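Inspection log for the structure reproduced underneath, given as structure tokens.
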Amino acid sequence: MLARRTPDDPEDRRRARRGWLVAAPLAVALVLAGCAATTAVSSSTQEESDTAAQVTSDLDGTATAATVLAGDQEAHDSDDDSDWSSADAVTIALDGSSATSSQASGVTIADGTVTITAAGTYVLSGDYTGQVVVDSSGDGQVTLVLDGVSIDTDAGAAIDVQAADEAVVILADGTTNSLSDASSYADDATANAALYSSADLTITGTGALTVTGNGNDGIASTDGLVIQSGTITVDAVDDGIRGKDYLIIRDGDITVRSGGDGLKSDNEEDAERGYIDIAGGTITVTSGDEGIEAYTDAVVTGGTIEITAGGGAASASSTASAKGISAGVIAVLEGGTIDIDSSDDAVNTNAYAHLDGATITLSTGDDGVHADLQLVVSSGTVTVTKAYEGLESGGILIEGGETQVTTSDDGINVSQPDTGTASQTLTVTGGTVIVDASGDGLDVNSGTFEMSGGTVVVYGPTANDNAALDTDEGTTISGGTLLAIGSSGMATAPSADSAQASVEFTVSSSIAAGTTLTIVDSSGTAIASFTTTKTVSNVVYSSSALSNGTTYSLVSGGSTGTTILGTLAEPGTTGSTTVATAVAGEQTSSEMGGGMGGGGQGGGGRR
């Protein structure tokens, strides 16, 4: 393996990440630093290759937005890009198939094409059936001010920036503008979007722009693309908005309807590129494929994002592959509000995901959040309203935030990634977690569940072929509060050797949904209460209020007190019917397929 030092500054980090691209079709093997996971992440192309570049990375699932972006290519735009003066501008009046310019220098008009050949500011207005081409080989920025422009052409791109040091499109205050391109492009066409730029492109201003990509993409830059502001609507047969090196959205009201990806950055040759950074704005994406696809990093620190990908969860099928947010390396969702309805995974990464402050609501036909190597929840709100599996990764750390998942299979699943190895540990140190699963509630394959803080409530399965807790290598608890209720056929409980006591009740007759239950110690003191949401035959509870060796009773009836999380609450009034008894610390922690012990109605610790 190639070893390298930890980067001390952004430029060092950018050099270090060069070549560390985990997006098809580039083949890369990863060796993780600072994370208990080692893996090789591959695409189908890599699997067919005999060689793979091997590098180390300083990233893991705890990386912040600032850390990730420090390793990415610096943006080209500036705060004054929206400033312009009419005194210094060249005006170009468009009229049907003809056009006129206020000065001849730097502008040529011929055969239905306006060609801008010099740096400067150009104010365009009127309707046009031709093309506007920028071909400026000199230094300096070319600024196009759209001041009530409608370009509808069948010649190719409506605006084609073929060459420029940098291009800026300003949407003039109070104006409405539109661009529409040809219905098709040749396979070898360079420009293939209604608004196309081969140079770094910035879109700014407070006006409105409607872009119709009839032949391919709506807006595309083969370098970087930054949207600072404006009201922008894009309809495209393929990708909506694409910045090859990066796509940055700072603000604006953006609506994208696309047959392909909605927002995309697809540089697969340089690891500091191919990223998407959303810092603000209101963004609505309806896409046939991915809503947001970043070949390296997807970072969200602000704004309101609504994505419907592949028809949404209702369109899920065995062939559905449209994801809400897809990242080749890492997705960091650190701020803003994100609402995703996707036919495939709502959030998917080839390596890491860090949920750290955003308000996230997900509905999906597959996984709510899938990260091959490591998924970290630090803060914010994560709500998975519909999914096959809620959170899935090779290693999951929940250290804060509010997480709630509802799934048709496993709620939280830790499993071996497709290639390489990961920690395969579910660790909870803080935050709150509610799981409502038809399959396993917490499922750790070939690994452990370790809890030292936070509050976790699991409403597990009713069928006996799954369990509220399914941890192949056991569960250990040293702090926090855990309530896991479900079926008894494959139930497991925390290890009796854990630093914090646990108690497990198994009943011979199932307890109906809507039943209030209270855990009471041998002196008659109520410890906690809760209400069942489905049929239950196994209850596992752990908190600092329990003591190993003490007998506890599970009593039905009465009422709950102040809500703690979900239906878990402080004790209210205690009922009169004991449905099971058990001794804390006498549960069988890792044995699969538990049976019924003695006490209560056939209840007690499993043997």
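In the structure tokens, the first chain shown is A, the next is B, and so on; residue numbers restart at 1 for each chain, and ligands run from 1 in the order shown.
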Residue neighbourhood region 192-202 of chain A, 8 Å, only C-alpha atoms, exclusion window fewer than 4 positions, as a PyMOL selection string: chain A and resi 76-77+81+156-169+179-182+185+211-228
Those in region 147-328 of chain A with strand (DSSP E) from DSSP, as number ranges by chain: A: 147-152, 159-163, 166-171, 176-180, 193-197, 201-205, 208-213, 217-221, 224-227, 231-236, 241-243, 246-249, 253-258, 263-265, 275-278, 282-287, 292-294, 297-309, 325-327
Proximity to Ala314 (chain A) - best of A:Ser183, A:Thr421, A:Ser97, A:Ser363, only C-alpha atoms: A:Ser363
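For the atom pair formed by CA of Leu442 (chain A) and CA of Gln416 (chain A), the distance is 15.0 Å, given to one decimal.
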Nearest residue to Val90 (chain A) from the set A:Leu333, A:Ala294, A:Val142, A:Val384 (distances using only C-alpha atoms):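 Under the stated criterion, the closest residue is A:Val142.
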9 Å contact set for Leu94 (chain A), only C-alpha atoms, chain neighbours under 4 positions out, as a list in words: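 Answer for this query is Ser98, Ala99, Thr100, Ser101, Leu124, Ser125, Gly126, Asp127, Tyr128, Thr129, Val149, Ser150 and Ile151 of chain A.
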Written file, previous selection with N, CA and C atoms, as a short mmCIF file (atom, residue, chain, number, x, y, z; two decimals), in the first residue's frame:
data_model
loop_
_atom_site.label_atom_id
_atom_site.label_comp_id
_atom_site.auth_asym_id
_atom_site.auth_seq_id
_atom_site.Cartn_x
_atom_site.Cartn_y
_atom_site.Cartn_z
N SER A 98 -32.19 37.87 -37.07
CA SER A 98 -31.15 38.88 -37.23
C SER A 98 -30.78 39.47 -35.87
N ALA A 99 -29.69 40.23 -35.87
CA ALA A 99 -29.21 40.85 -34.65
C ALA A 99 -28.36 42.05 -35.00
N THR A 100 -28.30 43.02 -34.08
CA THR A 100 -27.44 44.18 -34.26
C THR A 100 -26.66 44.42 -32.97
N SER A 101 -25.47 45.02 -33.12
CA SER A 101 -24.61 45.29 -31.98
C SER A 101 -24.28 46.77 -31.92
N LEU A 124 -27.76 41.39 -23.78
CA LEU A 124 -28.57 40.81 -24.84
C LEU A 124 -30.04 41.00 -24.53
N SER A 125 -30.82 41.35 -25.54
CA SER A 125 -32.26 41.48 -25.38
C SER A 125 -32.95 41.09 -26.69
N GLY A 126 -34.22 40.69 -26.58
CA GLY A 126 -35.00 40.36 -27.76
C GLY A 126 -35.12 38.87 -28.00
N ASP A 127 -35.80 38.54 -29.10
CA ASP A 127 -36.03 37.15 -29.50
C ASP A 127 -35.09 36.78 -30.63
N TYR A 128 -34.69 35.48 -30.64
CA TYR A 128 -33.70 35.07 -31.63
C TYR A 128 -33.90 33.61 -31.98
N THR A 129 -33.73 33.29 -33.26
CA THR A 129 -33.81 31.90 -33.71
C THR A 129 -32.44 31.33 -34.03
N VAL A 149 -34.38 38.01 -22.82
CA VAL A 149 -33.91 37.27 -23.99
C VAL A 149 -34.74 36.00 -24.16
N SER A 150 -35.08 35.71 -25.41
CA SER A 150 -35.68 34.43 -25.75
C SER A 150 -34.97 33.90 -26.98
N ILE A 151 -34.19 32.82 -26.77
CA ILE A 151 -33.47 32.20 -27.89
C ILE A 151 -34.02 30.79 -28.07
#
Near-region 255-269 of chain A list (7 Å; only C-alpha atoms; drop same-chain fewer than 6 positions) as an NGL selection string: :A and (19 or 21 or 23 or 26 or 232-247 or 275-276 or 283-295)
CA of Ile398 (chain A) to CA of Gly302 (chain A), straight-line distance in Å: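 Going from CA of Gly302 (chain A) over to CA of Ile398 (chain A) covers 21.7 Å.
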Close residues, region 549-562 of chain A itself excluded, 9 Å, only C-alpha atoms, min 5 positions apart in chain, as number ranges by chain: A: 503, 505, 515-522, 524, 528-531, 539, 567-586, 600
9 Å contact set for Ala172 (chain A), only C-alpha atoms, chain neighbours under 4 positions out, as a PyMOL selection string: chain A and resi 145-148+176+204-208
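Separating CA of Gly394 (chain A) from CA of Thr308 (chain A) is a distance of 26.7 Å.
Here the question is which of A:Leu482, A:Val329, A:Ala186, A:Ile340 gets nearest to Ile307 (chain A) using only C-alpha atoms, and that residue is A:Ile340.
For the choices A:Ala87, A:Ile477, A:Val507, A:Ala155, the atom-to-atom distance to Gly112 (chain A) is smallest for A:Ala155 when using only C-alpha atoms.
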